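So this one's run08.csv, CSV, C-alpha atoms:
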chain,number,residue,atom,x,y,z
A,1,MET,CA,-6.5,-3.2,28.5
A,2,ILE,CA,-5.8,-4.9,25.2
A,3,GLN,CA,-3.1,-7.6,25.4
A,4,THR,CA,0.0,-6.8,23.3
A,5,PRO,CA,1.1,-7.2,20.6
A,6,TYR,CA,-1.6,-5.3,18.7
A,7,TYR,CA,-1.8,-2.9,15.8
A,8,LEU,CA,-3.5,0.4,16.8
A,9,ILE,CA,-5.1,2.5,14.0
A,10,ASP,CA,-5.7,6.1,14.9
A,11,LYS,CA,-8.7,7.4,12.9
A,12,THR,CA,-7.8,11.0,13.6
A,13,ALA,CA,-4.4,10.7,12.1
A,14,LEU,CA,-5.9,8.7,9.2
A,15,GLN,CA,-8.4,11.4,8.6
A,16,GLU,CA,-5.7,14.0,8.2
A,17,ASN,CA,-4.3,12.1,5.3
A,18,LEU,CA,-7.7,11.5,3.8
A,19,ARG,CA,-8.6,15.2,3.9
A,20,LYS,CA,-5.5,15.9,1.8
A,21,ALA,CA,-6.6,13.2,-0.6
A,22,ALA,CA,-10.1,14.8,-0.8
A,23,ARG,CA,-8.6,18.2,-1.6
A,24,LEU,CA,-6.4,16.6,-4.3
A,25,ARG,CA,-9.6,15.1,-5.8
A,26,GLU,CA,-11.3,18.4,-5.8
A,27,LEU,CA,-8.5,20.4,-7.3
A,28,SER,CA,-7.4,17.9,-9.9
A,29,GLY,CA,-10.6,16.1,-10.9
A,30,ALA,CA,-8.8,12.8,-10.4
A,31,ASN,CA,-10.5,9.8,-8.9
A,32,ILE,CA,-8.6,8.3,-6.0
A,33,LEU,CA,-8.6,4.5,-5.2
A,34,LEU,CA,-7.1,2.8,-2.2
A,35,ALA,CA,-4.4,0.3,-3.2
A,36,LEU,CA,-5.3,-2.7,-1.1
A,37,LYS,CA,-1.9,-4.3,-1.7
A,38,CYS,CA,-0.7,-1.7,0.8
A,39,PHE,CA,-3.5,-1.4,3.3
A,40,ALA,CA,-6.6,-3.6,3.5
A,41,THR,CA,-7.7,-3.4,7.1
A,42,TRP,CA,-11.4,-3.0,6.5
A,43,PRO,CA,-12.5,-2.1,10.0
A,44,VAL,CA,-11.6,1.5,9.1
A,45,PHE,CA,-13.1,1.5,5.6
A,46,ASP,CA,-16.2,3.3,7.0
A,47,LEU,CA,-14.1,6.4,7.4
A,48,MET,CA,-12.0,5.9,4.2
A,49,ARG,CA,-14.9,5.6,1.9
A,50,GLU,CA,-16.1,9.1,2.8
A,51,TYR,CA,-13.0,10.5,1.2
A,52,LEU,CA,-11.9,8.0,-1.6
A,53,ASP,CA,-13.7,6.7,-4.7
A,54,GLY,CA,-13.0,3.0,-4.3
A,55,THR,CA,-10.3,0.4,-4.4
A,56,THR,CA,-7.8,-1.2,-6.7
A,57,SER,CA,-6.4,-4.7,-6.3
A,58,SER,CA,-3.5,-7.0,-7.1
A,59,SER,CA,-5.4,-10.3,-6.8
A,60,LEU,CA,-8.8,-11.9,-6.8
A,61,PHE,CA,-9.1,-11.9,-3.0
A,62,GLU,CA,-8.2,-8.2,-2.8
A,63,LEU,CA,-10.7,-7.4,-5.5
A,64,LYS,CA,-13.5,-9.2,-3.7
A,65,LEU,CA,-12.6,-7.6,-0.4
A,66,GLY,CA,-12.7,-4.1,-2.1
A,67,ARG,CA,-16.1,-4.9,-3.6
A,68,GLU,CA,-17.6,-6.4,-0.4
A,69,LYS,CA,-16.1,-4.2,2.3
A,70,PHE,CA,-15.3,-0.8,0.6
A,71,GLY,CA,-17.7,-0.4,-2.3
A,72,GLY,CA,-17.4,2.5,-4.7
A,73,GLU,CA,-15.5,1.9,-7.9
A,74,THR,CA,-13.6,-1.4,-7.9
A,75,HIS,CA,-10.6,-1.9,-10.3
A,76,ALA,CA,-9.3,-5.4,-10.9
A,77,TYR,CA,-5.6,-5.8,-11.7
A,78,SER,CA,-3.3,-8.8,-11.4
A,79,VAL,CA,0.2,-9.5,-12.8
A,80,ALA,CA,-1.4,-12.7,-14.2
A,81,TRP,CA,-5.0,-13.9,-14.0
A,82,ALA,CA,-5.6,-17.7,-13.9
A,83,ASP,CA,-8.3,-19.4,-16.0
A,84,HIS,CA,-10.3,-20.3,-12.9
A,85,GLU,CA,-10.2,-16.7,-11.6
A,86,ILE,CA,-11.2,-14.6,-14.6
A,87,ALA,CA,-15.0,-15.0,-14.5
A,88,GLU,CA,-15.1,-14.1,-10.8
A,89,ALA,CA,-12.8,-11.2,-11.3
A,90,VAL,CA,-14.9,-9.8,-14.1
A,91,SER,CA,-18.1,-10.2,-12.1
A,92,ASN,CA,-16.6,-8.2,-9.1
A,93,ALA,CA,-15.0,-5.4,-11.1
A,94,ASP,CA,-16.0,-2.1,-12.6
A,95,LYS,CA,-12.8,-2.1,-14.7
A,96,ILE,CA,-10.2,-4.8,-15.4
A,97,ILE,CA,-6.5,-4.0,-16.2
A,98,PHE,CA,-4.3,-6.6,-17.8
A,99,ASN,CA,-0.6,-6.7,-17.2
A,100,SER,CA,0.3,-8.0,-20.7
A,101,ILE,CA,-1.0,-8.1,-24.2
A,102,SER,CA,-1.0,-11.9,-24.0
A,103,GLN,CA,-3.3,-11.8,-21.0
A,104,PHE,CA,-5.5,-9.3,-22.7
A,105,GLU,CA,-5.8,-11.4,-25.8
A,106,ARG,CA,-6.5,-14.6,-23.7
A,107,TYR,CA,-9.3,-13.0,-21.7
A,108,ALA,CA,-10.6,-10.2,-23.8
A,109,SER,CA,-13.8,-11.9,-24.8
A,110,GLN,CA,-14.6,-12.9,-21.2
A,111,ALA,CA,-14.1,-9.4,-20.0
A,112,ALA,CA,-16.0,-7.7,-22.9
A,113,GLY,CA,-18.8,-6.6,-20.6
A,114,ILE,CA,-16.6,-4.1,-18.6
A,115,PRO,CA,-14.0,-1.5,-19.5
A,116,ARG,CA,-10.6,-3.1,-20.2
A,117,GLY,CA,-7.2,-1.6,-19.7
A,118,LEU,CA,-3.5,-2.4,-20.1
A,119,ARG,CA,-0.5,-1.7,-17.9
A,120,LEU,CA,2.2,0.3,-19.6
A,121,ASN,CA,5.9,0.3,-18.6
A,122,PRO,CA,7.7,3.5,-19.4
A,123,GLN,CA,11.0,1.8,-18.3
A,124,VAL,CA,11.8,4.7,-16.0
A,125,SER,CA,10.9,5.0,-12.3
A,126,SER,CA,11.7,6.7,-9.0
A,127,SER,CA,12.4,3.6,-7.1
A,128,THR,CA,15.6,3.4,-5.1
A,129,TYR,CA,15.2,-0.4,-4.4
A,130,ASP,CA,15.8,-2.8,-7.2
A,131,LEU,CA,13.5,-5.2,-5.5
A,132,ALA,CA,10.6,-2.8,-5.9
A,133,ASP,CA,11.5,-1.1,-9.2
A,134,PRO,CA,8.8,-1.7,-11.8
A,135,ALA,CA,11.2,-0.5,-14.5
A,136,ARG,CA,14.1,-2.8,-13.5
A,137,PRO,CA,15.8,-4.7,-16.4
A,138,PHE,CA,13.6,-7.5,-17.8
A,139,SER,CA,10.6,-6.3,-15.7
A,140,ARG,CA,7.4,-8.3,-16.2
A,141,LEU,CA,5.3,-5.4,-15.1
A,142,GLY,CA,3.5,-3.9,-18.1
A,143,GLU,CA,4.1,-3.5,-21.8
A,144,TRP,CA,6.7,-1.2,-23.2
A,145,ASP,CA,6.9,-2.1,-26.9
A,146,VAL,CA,5.0,0.7,-28.8
A,147,LYS,CA,4.5,-1.5,-31.9
A,148,ARG,CA,2.8,-4.2,-29.8
A,149,ILE,CA,0.7,-1.7,-27.9
A,150,ALA,CA,-0.4,-0.1,-31.2
A,151,SER,CA,-1.8,-3.5,-32.3
A,152,VAL,CA,-4.4,-3.5,-29.5
A,153,VAL,CA,-5.0,0.1,-28.5
A,154,ASP,CA,-8.3,0.3,-30.4
A,155,GLN,CA,-9.7,-2.5,-28.2
A,156,LEU,CA,-8.8,-0.8,-24.9
A,157,ASP,CA,-10.6,1.6,-22.8
A,158,GLY,CA,-7.7,2.7,-20.6
A,159,PHE,CA,-4.2,2.4,-19.4
A,160,MET,CA,-2.3,2.1,-16.1
A,161,ILE,CA,1.1,3.6,-15.6
A,162,HIS,CA,2.6,2.8,-12.3
A,163,ASN,CA,6.3,3.8,-12.1
A,164,ASN,CA,6.3,6.1,-9.1
A,165,CYS,CA,7.7,4.4,-6.0
A,166,GLU,CA,8.5,6.0,-2.7
A,167,ASN,CA,8.4,9.4,-4.4
A,168,ALA,CA,7.9,12.5,-2.3
A,169,SER,CA,9.2,14.9,-5.0
A,170,PHE,CA,6.7,16.6,-7.2
A,171,GLU,CA,9.5,17.6,-9.6
A,172,ARG,CA,10.5,13.9,-10.1
A,173,PHE,CA,6.8,12.9,-10.6
A,174,ASP,CA,6.5,15.7,-13.2
A,175,GLU,CA,9.6,14.5,-15.0
A,176,LEU,CA,8.5,10.8,-15.0
A,177,LEU,CA,5.0,11.7,-16.3
A,178,THR,CA,6.6,13.8,-19.1
A,179,GLN,CA,8.7,10.9,-20.1
A,180,ALA,CA,5.7,8.6,-20.1
A,181,GLU,CA,3.8,11.1,-22.3
A,182,GLU,CA,6.7,11.3,-24.7
A,183,ARG,CA,6.7,7.6,-25.1
A,184,PHE,CA,3.0,6.8,-25.0
A,185,GLY,CA,1.2,10.1,-25.7
A,186,ARG,CA,-0.1,8.8,-29.1
A,187,PHE,CA,-2.0,6.1,-27.3
A,188,LEU,CA,-3.2,8.1,-24.3
A,189,GLN,CA,-5.5,10.3,-26.4
A,190,ARG,CA,-7.2,7.2,-27.8
A,191,VAL,CA,-8.6,5.9,-24.5
A,192,LYS,CA,-11.1,7.1,-21.9
A,193,TRP,CA,-9.1,6.8,-18.6
A,194,VAL,CA,-5.5,6.6,-17.4
A,195,SER,CA,-4.5,5.4,-13.9
A,196,LEU,CA,-1.2,6.8,-12.8
A,197,GLY,CA,-0.8,4.3,-9.9
A,198,GLY,CA,0.5,5.1,-6.5
A,199,GLY,CA,3.8,5.9,-4.8
A,200,ILE,CA,3.1,9.7,-4.9
A,201,HIS,CA,3.6,10.9,-1.3
A,202,PHE,CA,1.3,13.9,-1.6
A,203,THR,CA,0.5,13.8,2.1
A,204,ALA,CA,4.2,14.4,3.1
A,205,PRO,CA,4.8,17.6,5.0
A,206,GLY,CA,5.3,20.5,2.6
A,207,TYR,CA,4.3,18.6,-0.5
A,208,PRO,CA,3.1,21.1,-3.2
A,209,LEU,CA,-0.4,19.6,-3.5
A,210,ASP,CA,-1.7,22.5,-5.7
A,211,ALA,CA,1.1,22.0,-8.2
A,212,LEU,CA,0.3,18.2,-8.4
A,213,ALA,CA,-3.4,19.0,-8.9
A,214,GLN,CA,-2.7,21.4,-11.7
A,215,ARG,CA,-0.4,18.9,-13.4
A,216,LEU,CA,-3.0,16.1,-13.2
A,217,ARG,CA,-5.8,18.4,-14.5
A,218,ALA,CA,-3.6,19.5,-17.4
A,219,PHE,CA,-2.8,15.9,-18.2
A,220,ALA,CA,-6.5,15.0,-18.1
A,221,GLU,CA,-7.5,17.9,-20.4
A,222,ARG,CA,-4.6,17.3,-22.8
A,223,TYR,CA,-5.7,13.7,-23.5
A,224,ASP,CA,-9.4,14.0,-22.7
A,225,VAL,CA,-9.2,11.2,-20.1
A,226,GLN,CA,-10.4,10.5,-16.5
A,227,VAL,CA,-7.3,10.3,-14.3
A,228,TYR,CA,-7.1,7.8,-11.5
A,229,LEU,CA,-4.6,7.7,-8.6
A,230,GLU,CA,-4.0,4.6,-6.6
A,231,PRO,CA,-2.3,5.6,-3.3
A,232,GLY,CA,-1.4,3.3,-0.5
A,233,GLU,CA,1.1,4.7,2.0
A,234,ALA,CA,0.2,8.3,1.2
A,235,VAL,CA,-3.3,7.9,2.7
A,236,VAL,CA,-2.3,5.7,5.7
A,237,GLN,CA,1.2,7.0,6.7
A,238,ASN,CA,1.6,7.8,10.4
A,239,SER,CA,-1.8,6.5,11.2
A,240,ALA,CA,-1.0,3.2,13.0
A,241,SER,CA,1.4,1.7,15.5
A,242,LEU,CA,2.5,-1.7,16.7
A,243,GLU,CA,2.0,-1.8,20.4
A,244,VAL,CA,4.4,-4.2,22.2
A,245,THR,CA,5.6,-5.1,25.7
A,246,VAL,CA,9.2,-5.7,26.9
A,247,LEU,CA,9.6,-9.3,28.1
A,248,ASP,CA,13.3,-9.2,29.0
A,249,THR,CA,16.4,-7.0,29.2
A,250,LEU,CA,20.0,-7.9,29.0
A,251,HIS,CA,23.4,-6.4,28.3
A,252,ASN,CA,25.7,-7.9,25.7
A,253,GLY,CA,27.8,-4.9,24.7
A,254,LYS,CA,24.6,-3.0,24.3
A,255,ASN,CA,21.5,-2.7,26.3
A,256,ILE,CA,18.9,-5.0,24.7
A,257,ALA,CA,15.2,-5.2,25.2
A,258,VAL,CA,13.3,-8.2,23.9
A,259,VAL,CA,9.6,-7.5,23.1
A,260,ASP,CA,6.6,-9.7,22.5
A,261,SER,CA,6.7,-9.3,18.7
A,262,GLY,CA,9.0,-9.7,15.8
A,263,THR,CA,10.1,-8.0,12.6
A,264,GLU,CA,9.6,-11.0,10.3
A,265,PRO,CA,6.1,-11.9,11.4
A,266,HIS,CA,4.7,-8.4,12.2
A,267,MET,CA,6.8,-5.7,10.3
A,268,LEU,CA,8.3,-7.7,7.5
A,269,ASP,CA,9.3,-4.7,5.3
A,270,LEU,CA,11.9,-3.8,7.9
A,271,LEU,CA,13.8,-6.9,7.0
A,272,ILE,CA,13.0,-6.9,3.3
A,273,TYR,CA,14.4,-3.3,2.8
A,274,ARG,CA,16.8,-3.4,5.7
A,275,LEU,CA,15.2,-0.5,7.5
A,276,ASN,CA,15.0,0.6,11.2
A,277,ALA,CA,11.6,1.0,12.8
A,278,ARG,CA,10.5,4.4,14.2
A,279,VAL,CA,9.8,4.9,17.9
A,280,GLU,CA,8.6,8.3,19.2
A,281,PRO,CA,9.7,10.4,21.0
A,282,ASN,CA,13.1,8.5,20.8
A,283,ALA,CA,14.7,10.8,23.3
A,284,GLY,CA,16.4,10.3,26.7
A,285,PRO,CA,19.5,9.0,28.3
A,286,HIS,CA,18.7,5.3,28.1
A,287,ARG,CA,19.6,3.7,24.8
A,288,TYR,CA,18.3,0.2,23.9
A,289,MET,CA,18.4,-2.1,21.0
A,290,ILE,CA,14.7,-3.3,20.6
A,291,CYS,CA,14.7,-6.9,19.5
A,292,GLY,CA,11.9,-9.3,18.6
A,293,LYS,CA,11.4,-12.7,20.2
A,294,THR,CA,11.7,-14.9,17.2
A,295,CYS,CA,14.7,-17.2,16.7
A,296,LEU,CA,15.9,-15.1,13.7
A,297,ALA,CA,19.3,-13.7,14.8
A,298,GLY,CA,18.6,-10.4,13.0
A,299,ASP,CA,15.2,-9.8,14.5
A,300,VAL,CA,16.0,-6.2,15.4
A,301,PHE,CA,13.6,-3.2,15.2
A,302,GLY,CA,16.4,-0.7,15.8
A,303,GLU,CA,18.2,1.3,18.5
A,304,PHE,CA,16.2,4.0,20.3
A,305,ASP,CA,16.5,6.3,23.3
A,306,PHE,CA,14.1,6.3,26.2
A,307,PRO,CA,13.6,8.6,29.2
A,308,GLU,CA,13.6,5.8,31.7
A,309,PRO,CA,15.3,2.4,31.8
A,310,LEU,CA,13.2,-0.4,30.2
A,311,GLU,CA,12.2,-3.4,32.2
A,312,PRO,CA,9.9,-6.3,31.8
A,313,GLY,CA,6.4,-4.9,31.4
A,314,SER,CA,7.5,-1.6,29.8
A,315,ARG,CA,5.4,-0.6,26.8
A,316,VAL,CA,6.9,0.4,23.4
A,317,SER,CA,5.0,2.0,20.5
A,318,ILE,CA,6.5,1.3,17.1
A,319,ARG,CA,5.3,3.7,14.5
A,320,ASP,CA,4.4,3.4,10.8
A,321,ALA,CA,2.6,0.1,11.2
A,322,ALA,CA,-0.1,0.7,8.5
A,323,GLY,CA,1.3,0.6,5.0
A,324,TYR,CA,2.6,-2.8,3.8
A,325,THR,CA,2.5,-4.1,7.4
A,326,MET,CA,-0.8,-5.6,8.4
A,327,VAL,CA,-1.2,-7.1,4.9
A,328,LYS,CA,2.1,-8.9,5.3
A,329,LYS,CA,1.7,-10.3,8.9
A,330,ASN,CA,2.4,-14.0,9.2
A,331,TRP,CA,2.7,-16.9,11.7
A,332,PHE,CA,6.5,-17.2,11.7
A,333,ASN,CA,7.7,-19.0,14.8
A,334,GLY,CA,4.1,-19.4,15.8
A,335,LEU,CA,4.1,-16.0,17.5
A,336,SER,CA,0.8,-14.6,18.6
A,337,MET,CA,-0.7,-12.7,15.7
A,338,PRO,CA,-1.1,-9.0,16.8
A,339,SER,CA,-4.7,-8.0,17.4
A,340,ILE,CA,-6.2,-5.1,15.5
A,341,ALA,CA,-7.5,-2.1,17.5
A,342,VAL,CA,-9.1,1.1,16.3
A,343,LYS,CA,-8.9,4.5,18.0
A,344,GLU,CA,-12.1,6.2,17.0
A,345,LEU,CA,-12.5,9.9,16.3
A,346,ASP,CA,-13.9,10.4,19.8
A,347,GLY,CA,-10.8,8.9,21.3
A,348,THR,CA,-12.3,5.6,22.4
A,349,VAL,CA,-10.4,2.4,21.5
A,350,ARG,CA,-12.2,-0.7,20.3
A,351,LEU,CA,-10.8,-4.1,19.6
A,352,ALA,CA,-11.6,-5.0,16.0
A,353,ARG,CA,-10.1,-8.4,15.8
A,354,SER,CA,-8.0,-10.8,17.9
A,355,PHE,CA,-6.4,-14.0,16.8
A,356,THR,CA,-6.2,-17.4,18.6
A,357,TYR,CA,-4.2,-20.6,18.6
A,358,GLN,CA,-6.9,-22.1,16.5
A,359,ASP,CA,-6.3,-19.4,13.8
A,360,TYR,CA,-2.7,-20.5,13.7
A,361,VAL,CA,-3.7,-24.2,13.5
A,362,ASP,CA,-6.3,-23.5,10.8
A,363,SER,CA,-3.8,-21.6,8.7
A,364,LEU,CA,-1.6,-24.7,8.4
A,365,GLY,CA,-4.2,-27.4,7.6
A,366,GLY,CA,-7.7,-28.6,8.1
Would you write out, as C-alpha cells, the structure that this file holds?
Amino acid sequence: MIQTPYYLIDKTALQENLRKAARLRELSGANILLALKCFATWPVFDLMREYLDGTTSSSLFELKLGREKFGGETHAYSVAWADHEIAEAVSNADKIIFNSISQFERYASQAAGIPRGLRLNPQVSSSTYDLADPARPFSRLGEWDVKRIASVVDQLDGFMIHNNCENASFERFDELLTQAEERFGRFLQRVKWVSLGGGIHFTAPGYPLDALAQRLRAFAERYDVQVYLEPGEAVVQNSASLEVTVLDTLHNGKNIAVVDSGTEPHMLDLLIYRLNARVEPNAGPHRYMICGKTCLAGDVFGEFDFPEPLEPGSRVSIRDAAGYTMVKKNWFNGLSMPSIAVKELDGTVRLARSFTYQDYVDSLGG
C-alpha cells in the first residue's frame, strides 16, 4: 500500500476527457495543445500524446519539459523572456509567442528561424476572479492597441487570444470570440494561425461540443488560419485525487478531522480562490471539518458528510487534484510532499514518484 499523502491519477477518467478533445479536433480542425501551466505530470503523457497535438508553455522550464517528455508541436510563451533564456527557448520551440510588442522587437531577430506570434488582449473575458482575469484594468497580458499592433502585423505569423477563464458556457465563448473578431479581425486574416487559449470547459457534462466545433471551423475558414486550443483543466478534470489519512479527531464546536496533508502545500488554489475541496460521495450522518496539519489557522479543506465516524487511520479521498494542483505543490511547513501514483487503464496502480527528506533539503540549498 502506498503511504499517504499521494496524488492518484486515474487514466480511465483522464481518457474520457481526452476522447472528447479528440472528437473536438476531428470536428473542428483545430489543433489541441496541453497547457503545462495547469498540468505537467509527465508520467501520464504516454496516454495524453495519443489524443493531443503537443504542449504550450509559460516558461522556459515548461517549454523544455514539453519538448522532452511530450513531443509533438511545442509552443513557447512567456509573459517576459529574459536575455539568457531566449536562445534556448527558440531552440526548443516550434512556435514562439511574445506577450508584448516590446518583447517581440527585442528578440525578433533571434527568433527569426521559427514562426513568431503576439498575444492580443481584447479587454473582455469570462473570469469571475479579478486575480485571474487577463482583461483586468491595467493588465500586462497581451497587446490591445490596434495602432501598435498594425505596426508589426506584417512581421508576425500568428496570434494568441486567451480571455476565456473558467468558462463552461458556449454562448459566452461565442460572444467573447465575436468581440475579439470585431476588434482584431483586420489582423487575423493577415496571419497563418490563431491560438484561442484555454479555459473552455468543453468536457463539462452537457457541453455542446458540436456547436463549439462548428464555431471554430467557421472562424478558421473565415480568416484562413489554423486554430489552436490550449486546454488545461478541461482535459484533466475529475481525473485525479489527493489521498490522505486522518491523524486526529477532536470536537471544538464542530467535529474536526486532521489529515496528513495541507491546503497550502498540496492544494493551494483552495486558499487562493477561497474554495472548498470536493469529497465523494459526501453523504452520511457524520459531518466533519477536514483540516490540514500545517500551522496555518485556515488550513481547512471543507466540511463533508461521511457514512461512518472518522478516526485515526481513516482514509479520505479529495477530488479534483489534477488541474493547477500538482504544478503548485510546495514544501510549506516541511510537510511530506505527496507521492504521485498512476492508476493504469487495466486498474493496476503504480508509484510514479515519491519524495524524501533529502528532496526537501535540496530544494532549500546545496
Distance criterion (all atoms listed in the file): nearest to Glu243 (chain A) out of A:Pro137, A:Gly185, A:Pro5, A:Gly117 |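 The shortest atom-to-atom distance to Glu243 (chain A) comes from A:Pro5.
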Just the residues within 9 Å of region 72-75 of chain A, please, counting only C-alpha atoms, with nothing from its chain fewer than 3 positions along; format it as a PyMOL selection string.
-> chain A and resi 33+49+52-57+63-64+66-67+92-97
Could you check how far CA of Ile161 (chain A) sits from CA of Arg222 (chain A), in Å to one decimal?
->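 Computed distance, CA of Ile161 (chain A) to CA of Arg222 (chain A), equals 16.5 Å.
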Between A:Arg119, A:Lys11, A:Arg23, A:Lys69, which has the minimum distance to Ala40 (chain A) (counting all atoms listed in the file)?
->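 For Ala40 (chain A), the nearest of the candidates is A:Lys69.
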With distances taken over only C-alpha atoms, the candidate from A:Ile340, A:Ala80, A:Ile101, A:Leu47 nearest Ile9 (chain A) is A:Ile340
Can you work out which one of A:Tyr273, A:Tyr6, A:Phe173, A:Phe61 has the shortest atom-to-atom distance to Tyr207 (chain A), counting all atoms listed in the file?
->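 Result for the nearest residue to Tyr207 (chain A): A:Phe173.
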Can you work out which one of A:Val246, A:Val327, A:Val152, A:Leu65 has the shortest atom-to-atom distance to Leu268 (chain A), counting all atoms listed in the file?
->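 With all atoms listed in the file as the atom set, the closest residue is A:Val327.
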List the neighbours of Arg140 (chain A) out to 9 Å using all atoms listed in the file; skip same-chain residues closer than 6 positions along the sequence, and give me the result as a list of chain:residue names.
->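 Counting only the stated atoms, we get A:Val79, A:Asn99, A:Ser100, A:Pro134.
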Record the distance separating CA of Ala204 (chain A) and CA of Ala234 (chain A), expressed in Å with one decimal.
->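 Separating CA of Ala204 (chain A) from CA of Ala234 (chain A) is a distance of 7.5 Å.
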Could you name the residues that touch Leu176 (chain A) at 8 Å or less, counting all atoms listed in the file, but leaving out those on the same chain fewer than 2 positions away, as a PyMOL selection string?
-> chain A and resi 124-126+163-164+172-174+178-180
Would you kindly return, as a VMD selection string, each protein, DNA or RNA residue with an atom no farther than 8 Å from any atom of Leu27 (chain A), considering all atoms listed in the file and excluding same-chain residues fewer than 3 positions away?
-> chain A and resid 23 to 24 210 213 to 214 217
Selected residues written out with C-alpha atoms, as a CSV table (one decimal), in the coordinates of the input:
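What follows is the written file part-v7.csv:
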chain,number,residue,atom,x,y,z
A,23,ARG,CA,-8.6,18.2,-1.6
A,24,LEU,CA,-6.4,16.6,-4.3
A,210,ASP,CA,-1.7,22.5,-5.7
A,213,ALA,CA,-3.4,19.0,-8.9
A,214,GLN,CA,-2.7,21.4,-11.7
A,217,ARG,CA,-5.8,18.4,-14.5
Rank nothing, just name the residue among A:Arg353, A:Glu221, A:Phe39, A:Phe187 nearest to Asp320 (chain A), using all atoms listed in the file.
->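 Of A:Arg353, A:Glu221, A:Phe39, A:Phe187, the one nearest Asp320 (chain A), counting all atoms listed in the file, is A:Phe39.
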Could you please determine the separation between CA of Arg350 (chain A) and CA of Pro231 (chain A) in Å, to one decimal place?
-> 26.4 Å
Surrounding residues of Gln3 (chain A) excluding itself and chain neighbours under 3 positions, 10 Å, only C-alpha atoms, as a PyMOL selection string | chain A and resi 6+243-245+338-339+354
